[in-house]
file final23.tsv (TSV, C-alpha atoms and all ligand atoms)
chain	number	residue	atom	x	y	z
A	11	MET	CA	53.34	-40.10	175.52
A	12	ASN	CA	56.58	-40.03	177.47
A	13	LEU	CA	58.46	-36.79	178.01
A	14	TYR	CA	60.81	-37.46	175.09
A	15	GLU	CA	57.83	-37.88	172.74
A	16	ILE	CA	56.21	-34.73	174.11
A	17	ALA	CA	59.45	-32.85	173.34
A	18	ARG	CA	59.50	-34.18	169.75
A	19	PHE	CA	55.80	-33.27	169.32
A	20	ILE	CA	56.52	-29.73	170.52
A	21	GLU	CA	59.46	-29.38	168.12
A	22	ALA	CA	57.23	-30.48	165.22
A	23	HIS	CA	54.47	-27.95	165.94
A	24	ASP	CA	54.15	-24.18	166.39
A	25	ASN	CA	51.92	-21.27	167.49
A	26	TYR	CA	51.32	-22.32	171.06
A	27	GLU	CA	48.70	-21.26	173.55
A	28	ILE	CA	49.56	-22.42	177.07
A	29	LEU	CA	46.65	-22.75	179.47
A	30	THR	CA	46.81	-22.24	183.25
A	31	HIS	CA	44.14	-23.20	185.77
A	32	VAL	CA	41.50	-20.96	187.29
A	33	TYR	CA	42.61	-19.11	190.49
A	34	PRO	CA	46.17	-19.45	189.19
A	35	ASP	CA	48.89	-20.41	191.68
A	36	GLY	CA	52.68	-20.32	191.53
A	37	ASP	CA	52.93	-23.76	189.94
A	38	THR	CA	50.54	-23.27	187.03
A	39	LEU	CA	51.91	-19.76	186.35
A	40	GLY	CA	55.54	-20.82	186.78
A	41	SER	CA	54.98	-23.78	184.44
A	42	GLY	CA	53.13	-21.67	181.88
A	43	PHE	CA	55.58	-18.77	181.71
A	44	ALA	CA	58.68	-21.01	181.85
A	45	LEU	CA	57.32	-23.06	178.94
A	46	CYS	CA	56.34	-19.91	177.04
A	47	MET	CA	59.84	-18.42	177.31
A	48	ALA	CA	61.38	-21.78	176.37
A	49	LEU	CA	59.22	-22.11	173.25
A	50	GLN	CA	60.02	-18.54	172.21
A	51	GLN	CA	63.72	-19.29	172.73
A	52	ILE	CA	63.59	-22.22	170.28
A	53	GLY	CA	61.86	-20.06	167.67
A	54	LYS	CA	58.20	-20.85	168.31
A	55	ASN	CA	55.34	-18.43	168.82
A	56	ALA	CA	53.81	-18.81	172.26
A	57	ARG	CA	51.59	-17.04	174.77
A	58	VAL	CA	50.11	-17.91	178.14
A	59	ILE	CA	46.35	-17.80	178.65
A	60	THR	CA	45.46	-16.85	182.19
A	61	THR	CA	43.14	-14.66	184.24
A	62	ASN	CA	43.57	-12.59	187.39
A	63	ILE	CA	47.26	-13.15	188.06
A	64	PRO	CA	47.85	-12.14	191.70
A	65	SER	CA	50.20	-9.12	191.68
A	66	LYS	CA	52.93	-10.87	193.67
A	67	PHE	CA	53.45	-13.22	190.70
A	68	LEU	CA	53.97	-10.49	188.09
A	69	TYR	CA	57.78	-10.96	188.18
A	70	LEU	CA	57.19	-14.26	186.36
A	71	LEU	CA	56.42	-12.34	183.16
A	72	LYS	CA	59.80	-10.60	183.13
A	73	GLY	CA	61.32	-12.47	180.18
A	74	VAL	CA	58.11	-13.12	178.22
A	75	LYS	CA	57.69	-11.56	174.75
A	76	GLN	CA	54.19	-10.47	173.72
A	77	GLN	CA	53.49	-12.17	170.39
A	78	THR	CA	50.56	-11.96	167.98
A	79	PHE	CA	49.71	-15.07	165.94
A	80	ASN	CA	46.91	-17.48	165.16
A	81	ALA	CA	46.97	-20.28	167.72
A	82	GLU	CA	47.45	-23.82	166.43
A	83	THR	CA	48.65	-25.94	169.34
A	84	ILE	CA	47.26	-25.92	172.87
A	85	ILE	CA	49.18	-27.08	175.95
A	86	SER	CA	47.74	-27.19	179.47
A	87	THR	CA	49.91	-26.92	182.59
A	88	ASP	CA	48.94	-28.17	186.08
A	89	ILE	CA	45.28	-28.59	185.05
A	90	ALA	CA	43.74	-31.76	186.52
A	91	ALA	CA	40.13	-31.49	185.29
A	92	ASP	CA	38.08	-29.71	182.62
A	93	SER	CA	36.26	-27.72	185.32
A	94	LEU	CA	39.58	-26.11	186.35
A	95	LEU	CA	39.68	-24.17	183.09
A	96	GLY	CA	37.06	-21.86	184.54
A	97	SER	CA	34.13	-20.38	182.65
A	98	ASN	CA	36.11	-17.97	180.47
A	99	MET	CA	38.41	-20.71	179.16
A	100	SER	CA	35.74	-23.36	178.68
A	101	LYS	CA	36.05	-22.95	174.90
A	102	TYR	CA	39.30	-24.93	175.16
A	103	ILE	CA	37.61	-28.04	176.56
A	104	GLY	CA	38.35	-30.95	174.24
A	105	LYS	CA	40.78	-28.84	172.16
A	106	VAL	CA	43.96	-29.36	174.16
A	107	ASP	CA	46.80	-31.14	172.35
A	108	ILE	CA	49.11	-31.78	175.29
A	109	CYS	CA	48.29	-31.93	178.99
A	110	ILE	CA	51.26	-31.72	181.37
A	111	ASP	CA	50.26	-32.33	184.96
A	112	HIS	CA	51.21	-33.89	188.31
A	113	HIS	CA	47.79	-34.62	189.84
A	114	GLY	CA	47.17	-38.35	190.30
A	115	SER	CA	43.45	-37.59	190.04
A	116	ASN	CA	43.84	-36.11	186.52
A	117	THR	CA	40.73	-36.52	184.33
A	118	PHE	CA	41.46	-33.66	181.92
A	119	ASN	CA	40.49	-34.13	178.28
A	120	ALA	CA	43.53	-33.87	176.01
A	121	LYS	CA	44.84	-35.63	172.89
A	122	HIS	CA	48.15	-36.42	174.57
A	123	LYS	CA	48.98	-36.47	178.26
A	124	PHE	CA	51.98	-36.60	180.51
A	125	VAL	CA	51.00	-36.96	184.17
A	126	ASP	CA	53.61	-37.72	186.84
A	127	LYS	CA	51.96	-37.93	190.24
A	128	TYR	CA	55.34	-38.30	191.95
A	129	ALA	CA	56.44	-34.85	190.85
A	130	ALA	CA	55.97	-32.48	193.79
A	131	ALA	CA	55.25	-29.64	191.36
A	132	ASN	CA	54.30	-29.46	187.71
A	133	CYS	CA	57.37	-27.23	187.33
A	134	GLU	CA	59.56	-30.30	188.03
A	135	ILE	CA	58.11	-31.91	184.90
A	136	VAL	CA	58.52	-28.72	182.87
A	137	TYR	CA	62.17	-28.55	183.98
A	138	LYS	CA	62.77	-32.06	182.63
A	139	LEU	CA	60.88	-31.27	179.44
A	140	LEU	CA	63.02	-28.18	178.80
A	141	LEU	CA	66.18	-30.31	179.12
A	142	ARG	CA	64.75	-32.62	176.42
A	143	LEU	CA	64.05	-29.57	174.23
A	144	ASN	CA	67.68	-28.43	174.67
A	145	VAL	CA	66.46	-25.13	176.01
A	146	LYS	CA	68.99	-22.92	177.80
A	147	ILE	CA	67.46	-22.36	181.23
A	148	THR	CA	67.85	-18.63	181.72
A	149	GLU	CA	67.61	-16.82	185.03
A	150	GLU	CA	64.01	-15.82	184.18
A	151	ILE	CA	63.01	-19.41	183.36
A	152	ALA	CA	64.73	-20.64	186.52
A	153	ASP	CA	62.77	-18.09	188.60
A	154	CYS	CA	59.50	-19.41	187.13
A	155	LEU	CA	60.34	-23.05	187.78
A	156	TYR	CA	61.62	-22.38	191.31
A	157	THR	CA	58.42	-20.46	192.09
A	158	GLY	CA	56.26	-23.45	191.18
A	159	ILE	CA	58.44	-25.94	193.05
A	160	SER	CA	58.76	-23.85	196.21
A	161	THR	CA	55.06	-22.92	196.38
A	162	ASP	CA	53.72	-26.44	195.74
A	163	THR	CA	55.99	-27.85	198.47
A	164	GLY	CA	55.37	-25.08	201.02
A	165	CYS	CA	59.02	-24.13	200.66
A	166	PHE	CA	60.16	-27.79	200.72
A	167	ARG	CA	58.25	-28.68	203.90
A	168	TYR	CA	55.33	-30.78	202.61
A	169	THR	CA	55.48	-34.56	202.33
A	170	ASN	CA	55.46	-34.36	198.51
A	171	THR	CA	59.05	-32.99	198.63
A	172	THR	CA	61.53	-35.58	197.32
A	173	ALA	CA	65.30	-35.73	196.94
A	174	GLU	CA	64.65	-35.11	193.23
A	175	THR	CA	62.72	-31.94	194.13
A	176	MET	CA	65.76	-30.71	196.05
A	177	ARG	CA	68.15	-31.65	193.23
A	178	ILE	CA	66.10	-29.72	190.65
A	179	ALA	CA	65.85	-26.71	192.98
A	180	ALA	CA	69.63	-26.88	193.50
A	181	SER	CA	70.19	-26.92	189.71
A	182	LEU	CA	67.96	-23.87	189.40
A	183	MET	CA	70.06	-22.09	192.04
A	184	ASP	CA	73.19	-22.95	190.02
A	185	LEU	CA	71.50	-21.29	187.03
A	186	GLY	CA	71.07	-18.03	188.92
A	187	CYS	CA	67.53	-18.24	190.21
A	188	ASN	CA	66.60	-15.62	192.81
A	189	THR	CA	65.68	-17.99	195.63
A	190	ALA	CA	65.98	-15.52	198.51
A	191	TYR	CA	63.76	-12.96	196.77
A	192	ILE	CA	61.16	-15.57	195.76
A	193	ASN	CA	61.09	-17.18	199.22
A	194	LYS	CA	60.59	-13.79	200.84
A	195	VAL	CA	57.78	-12.72	198.50
A	196	MET	CA	56.03	-16.11	198.62
A	197	PHE	CA	56.45	-17.07	202.28
A	198	GLU	CA	57.40	-14.06	204.40
A	199	THR	CA	55.88	-10.82	203.17
A	200	LYS	CA	52.24	-10.19	204.08
A	201	SER	CA	50.19	-7.07	203.47
A	202	LYS	CA	48.58	-5.32	206.44
A	203	GLU	CA	45.23	-6.46	205.04
A	204	LYS	CA	46.42	-10.07	205.00
A	205	ILE	CA	47.35	-9.87	208.68
A	206	GLN	CA	43.86	-8.49	209.41
A	207	LEU	CA	42.32	-11.31	207.37
A	208	GLU	CA	44.29	-13.97	209.26
A	209	HIS	CA	43.14	-12.37	212.50
A	210	ALA	CA	39.52	-12.64	211.36
A	211	VAL	CA	39.97	-16.19	210.08
A	212	TYR	CA	41.38	-17.46	213.40
A	213	ASP	CA	38.08	-16.37	214.96
A	214	THR	CA	36.17	-18.75	212.67
A	215	ILE	CA	37.96	-21.98	213.69
A	216	GLU	CA	35.54	-24.77	214.46
A	217	TYR	CA	36.38	-28.36	215.38
A	218	CYS	CA	34.54	-31.55	214.64
A	219	ALA	CA	35.21	-35.30	214.68
A	220	ASN	CA	36.57	-35.07	218.24
A	221	GLY	CA	39.09	-32.41	217.26
A	222	LYS	CA	40.46	-34.41	214.34
A	223	CYS	CA	38.98	-31.97	211.83
A	224	ALA	CA	39.26	-28.17	211.90
A	225	ILE	CA	37.36	-25.78	209.63
A	226	ILE	CA	38.01	-22.12	208.90
A	227	TYR	CA	36.21	-19.86	206.47
A	228	THR	CA	36.10	-16.49	204.74
A	229	THR	CA	32.93	-14.83	203.48
A	230	LEU	CA	32.42	-12.15	200.86
A	231	SER	CA	31.31	-9.71	203.56
A	232	MET	CA	34.52	-10.33	205.55
A	233	LEU	CA	36.59	-9.58	202.45
A	234	GLU	CA	34.58	-6.44	201.79
A	235	ARG	CA	34.89	-5.24	205.38
A	236	LEU	CA	38.66	-5.78	205.34
A	237	ASN	CA	38.94	-4.40	201.79
A	238	ILE	CA	40.95	-7.40	200.65
A	239	GLY	CA	41.23	-9.02	197.23
A	240	ASP	CA	41.34	-12.62	196.08
A	241	ASP	CA	45.13	-12.59	195.74
A	242	GLU	CA	45.51	-12.35	199.53
A	243	MET	CA	43.76	-15.67	200.09
A	244	GLU	CA	46.70	-17.94	199.37
A	245	GLY	CA	48.26	-19.63	202.35
A	246	LEU	CA	45.15	-19.55	204.52
A	247	ALA	CA	44.52	-23.20	203.71
A	248	SER	CA	47.60	-24.27	205.65
A	249	ILE	CA	46.26	-22.84	208.94
A	250	PRO	CA	43.87	-25.59	210.14
A	251	ARG	CA	46.32	-28.42	209.42
A	252	GLN	CA	48.90	-26.77	211.71
A	253	ILE	CA	46.76	-27.49	214.76
A	254	ASP	CA	48.00	-30.36	216.90
A	255	GLY	CA	45.76	-33.43	216.55
A	256	VAL	CA	44.01	-32.23	213.39
A	257	LEU	CA	44.02	-34.80	210.57
A	258	ILE	CA	41.76	-32.92	208.14
A	259	GLY	CA	42.09	-29.14	207.82
A	260	ILE	CA	39.36	-27.49	205.77
A	261	THR	CA	39.28	-23.93	204.45
A	262	MET	CA	36.02	-22.60	202.99
A	263	ARG	CA	36.09	-19.49	200.81
A	264	GLU	CA	32.81	-17.94	199.76
A	265	LYS	CA	32.71	-16.94	196.08
A	266	GLU	CA	30.33	-14.78	194.04
A	267	GLY	CA	27.49	-16.94	192.75
A	268	GLY	CA	26.39	-18.82	195.86
A	269	PHE	CA	29.14	-21.34	196.30
A	270	PHE	CA	32.25	-22.02	198.36
A	271	LYS	CA	35.70	-22.99	197.16
A	272	ILE	CA	36.99	-25.65	199.54
A	273	SER	CA	40.67	-26.40	200.21
A	274	VAL	CA	41.54	-29.52	202.15
A	275	ARG	CA	44.93	-30.23	203.74
A	276	THR	CA	45.58	-33.43	205.64
A	277	ASN	CA	48.07	-35.06	208.01
A	278	ASP	CA	49.08	-38.67	208.71
A	279	ASN	CA	48.25	-40.19	205.31
A	280	ILE	CA	44.60	-39.15	205.34
A	281	ASN	CA	43.82	-38.81	201.63
A	282	ALA	CA	42.63	-35.29	200.85
A	283	SER	CA	41.94	-36.13	197.21
A	284	ASP	CA	39.63	-39.03	198.19
A	285	PHE	CA	37.84	-36.73	200.62
A	286	CYS	CA	37.30	-34.07	197.94
A	287	SER	CA	36.12	-36.65	195.41
A	288	ARG	CA	32.96	-36.93	197.57
A	289	PHE	CA	32.21	-33.44	196.26
A	290	ASN	CA	33.45	-34.07	192.70
A	291	GLY	CA	36.81	-32.48	193.44
A	292	GLY	CA	40.30	-33.91	193.64
A	293	GLY	CA	43.99	-33.11	193.86
A	294	HIS	CA	46.91	-34.61	195.72
A	295	PRO	CA	47.05	-37.02	198.69
A	296	ALA	CA	47.72	-34.23	201.20
A	297	ALA	CA	46.27	-31.19	199.38
A	298	ALA	CA	43.07	-31.15	197.38
A	299	GLY	CA	40.03	-29.04	196.62
A	300	CYS	CA	36.42	-28.91	195.48
A	301	THR	CA	33.53	-26.48	195.22
A	302	ILE	CA	30.18	-26.80	197.03
A	303	GLU	CA	27.04	-24.75	196.42
A	304	GLY	CA	25.03	-23.33	199.28
A	305	ASP	CA	25.16	-20.86	202.17
A	306	LEU	CA	27.79	-20.92	204.91
A	307	LYS	CA	25.83	-23.07	207.33
A	308	THR	CA	24.68	-25.62	204.74
A	309	VAL	CA	28.13	-26.06	203.23
A	310	LYS	CA	29.83	-26.27	206.62
A	311	ASN	CA	27.38	-28.92	207.83
A	312	LYS	CA	27.97	-30.98	204.68
A	313	LEU	CA	31.71	-30.83	205.29
A	314	ILE	CA	31.40	-31.73	208.97
A	315	LYS	CA	29.22	-34.73	208.12
A	316	ALA	CA	31.61	-35.84	205.37
A	317	ALA	CA	34.68	-35.41	207.61
A	318	GLU	CA	33.13	-37.45	210.42
A	319	GLU	CA	32.07	-40.23	208.06
A	320	PHE	CA	35.47	-40.16	206.35
A	321	LEU	CA	37.49	-40.35	209.57
A	322	TRP	CA	35.31	-43.02	211.20
A	323	THR	CA	35.52	-45.27	208.15
A	324	GLU	CA	39.28	-44.88	207.59
A	401	MN	MN	50.75	-27.93	191.00

call {"tool": "encode", "arguments": {"input": "final23.tsv", "output": "C-alpha cells"}}
result
Amino acid sequence: MNLYEIARFIEAHDNYEILTHVYPDGDTLGSGFALCMALQQIGKNARVITTNIPSKFLYLLKGVKQQTFNAETIISTDIAADSLLGSNMSKYIGKVDICIDHHGSNTFNAKHKFVDKYAAANCEIVYKLLLRLNVKITEEIADCLYTGISTDTGCFRYTNTTAETMRIAASLMDLGCNTAYINKVMFETKSKEKIQLEHAVYDTIEYCANGKCAIIYTTLSMLERLNIGDDEMEGLASIPRQIDGVLIGITMREKEGGFFKISVRTNDNINASDFCSRFNGGGHPAAAGCTIEGDLKTVKNKLIKAAEEFLWTE
C-alpha cells in the first residue's frame, strides 16, 4: 500500500491499537502518540500499547485521551521484526493490520505495510500520513513527531539526515513545536547517575581489529552498584563510534535472563545492519542491533570474531 491508500484504510476503520517496539525509543513513542492523537482528532478510538516508557518521554502523552473500547484495528510503528514486539506483546504477532516503518531490513508480519527506508525517522512517515488524513498538527502532535525525528538523527547529525528531514522539522517548528525544550531533555540533560554510568563505561572500552572496532559494555551488577535504571542507557551506544579510527562501535548491555542486547553503530559506510544479521538482528545501515545469549566473555568474544571477519572481508 502507498501512503494515500494507508490513509484511506485508516479512515474506513476504527478502534485502533497502536503498537510500539520493546525498549521504546523516541521514534516509536513519538510515532505512536502522534498517530493516537491524530486518530482521536478525526473521531476514532485509539490507544498506544507500550511498556516501560522512560520517564523523560512522558511529555509525549500530554495531549492523549485515555479511551476504553474493544480493539479492532492494529497498527505498528517503527517495528522491524516480530521479535521486537517483546514477550508481553507477542499475542499481536500475525494480527497487525498496518505496519508503518523505516527499517530497510523490515521482516515484520502485517497484512499491509508501508516501509520507507529513506526516511530518517518513522516520525517523518507519520508526518506525511497525517497530512493525507487532513489532521491538524497540533503543538502536542508536533512535539511527538519532532522527538522521533531528532532522536533518530542524533539531533540532525547522523548520515540518515536528509534535506527532507530538515524541511519536516522546520514545518514542525512553524507549528509551535518545543524544539529547545526537547533538544535539552534529549541531548543535554543527564542525571548524576548517568554521568557515573558513563564514567564506568569508559573503563570498559576494548579495541579489536587493529583499532577499527571498539566495544563497551554494561552489566547488571554495574547497574545495581550505580543504582541506575534502564531508561538511563540511551545514548551510550554512540560512545564507541566517536573514537577516531573506529569503523564499528559496539555496545553490549547485559539483560535479565542470560543475554546481552547489542547496539552497533558504524562509520564510513560499514553496514551495521548486515553485521547484526549475523546474529539474527538488523536495523539501519549505520545503526542496528541484535541480542546474543551467553556470559560477558563469551558474547564479547563472538562479537570480536565477527567484527574481525566482517572488516577483513569488506
Ligand atoms: Mn526509528

call {"tool": "residues_near_ligand", "arguments": {"input": "final23.tsv", "ligand": "ligand MN 401 (chain A)", "cutoff": "10 Å", "atoms": "all atoms listed in the file", "output": "number ranges by chain"}}
result
A: 31, 34-41, 87-90, 111-113, 129-134, 158-159, 161-163, 293-294

call {"tool": "write_last_selection", "arguments": {"input": "final23.tsv", "atoms": "C-alpha atoms", "output": "CSV table (one decimal), in the coordinates of the input"}}
result
chain,number,residue,atom,x,y,z
A,31,HIS,CA,44.1,-23.2,185.8
A,34,PRO,CA,46.2,-19.4,189.2
A,35,ASP,CA,48.9,-20.4,191.7
A,36,GLY,CA,52.7,-20.3,191.5
A,37,ASP,CA,52.9,-23.8,189.9
A,38,THR,CA,50.5,-23.3,187.0
A,39,LEU,CA,51.9,-19.8,186.4
A,40,GLY,CA,55.5,-20.8,186.8
A,41,SER,CA,55.0,-23.8,184.4
A,87,THR,CA,49.9,-26.9,182.6
A,88,ASP,CA,48.9,-28.2,186.1
A,89,ILE,CA,45.3,-28.6,185.0
A,90,ALA,CA,43.7,-31.8,186.5
A,111,ASP,CA,50.3,-32.3,185.0
A,112,HIS,CA,51.2,-33.9,188.3
A,113,HIS,CA,47.8,-34.6,189.8
A,129,ALA,CA,56.4,-34.8,190.8
A,130,ALA,CA,56.0,-32.5,193.8
A,131,ALA,CA,55.2,-29.6,191.4
A,132,ASN,CA,54.3,-29.5,187.7
A,133,CYS,CA,57.4,-27.2,187.3
A,134,GLU,CA,59.6,-30.3,188.0
A,158,GLY,CA,56.3,-23.4,191.2
A,159,ILE,CA,58.4,-25.9,193.0
A,161,THR,CA,55.1,-22.9,196.4
A,162,ASP,CA,53.7,-26.4,195.7
A,163,THR,CA,56.0,-27.8,198.5
A,293,GLY,CA,44.0,-33.1,193.9
A,294,HIS,CA,46.9,-34.6,195.7

call {"tool": "closest_residue", "arguments": {"input": "final23.tsv", "among": "A:Val145, A:Leu94, A:Ile151, A:Met262", "to": "Leu70 (chain A)", "atoms": "only C-alpha atoms"}}
result
A:Ile151

call {"tool": "residues_around", "arguments": {"input": "final23.tsv", "residues": "Phe118 (chain A)", "least_positions_apart": "3", "cutoff": "9 Å", "atoms": "only C-alpha atoms", "output": "number ranges by chain"}}
result
A: 89-94, 103-104, 109, 123

call {"tool": "atom_distance", "arguments": {"input": "final23.tsv", "atom1": "CA of Arg177 (chain A)", "atom2": "CA of Cys154 (chain A)"}}
result
16.2 Å

call {"tool": "atom_distance", "arguments": {"input": "final23.tsv", "atom1": "CA of Gln76 (chain A)", "atom2": "CA of Tyr33 (chain A)"}}
result
22.1 Å
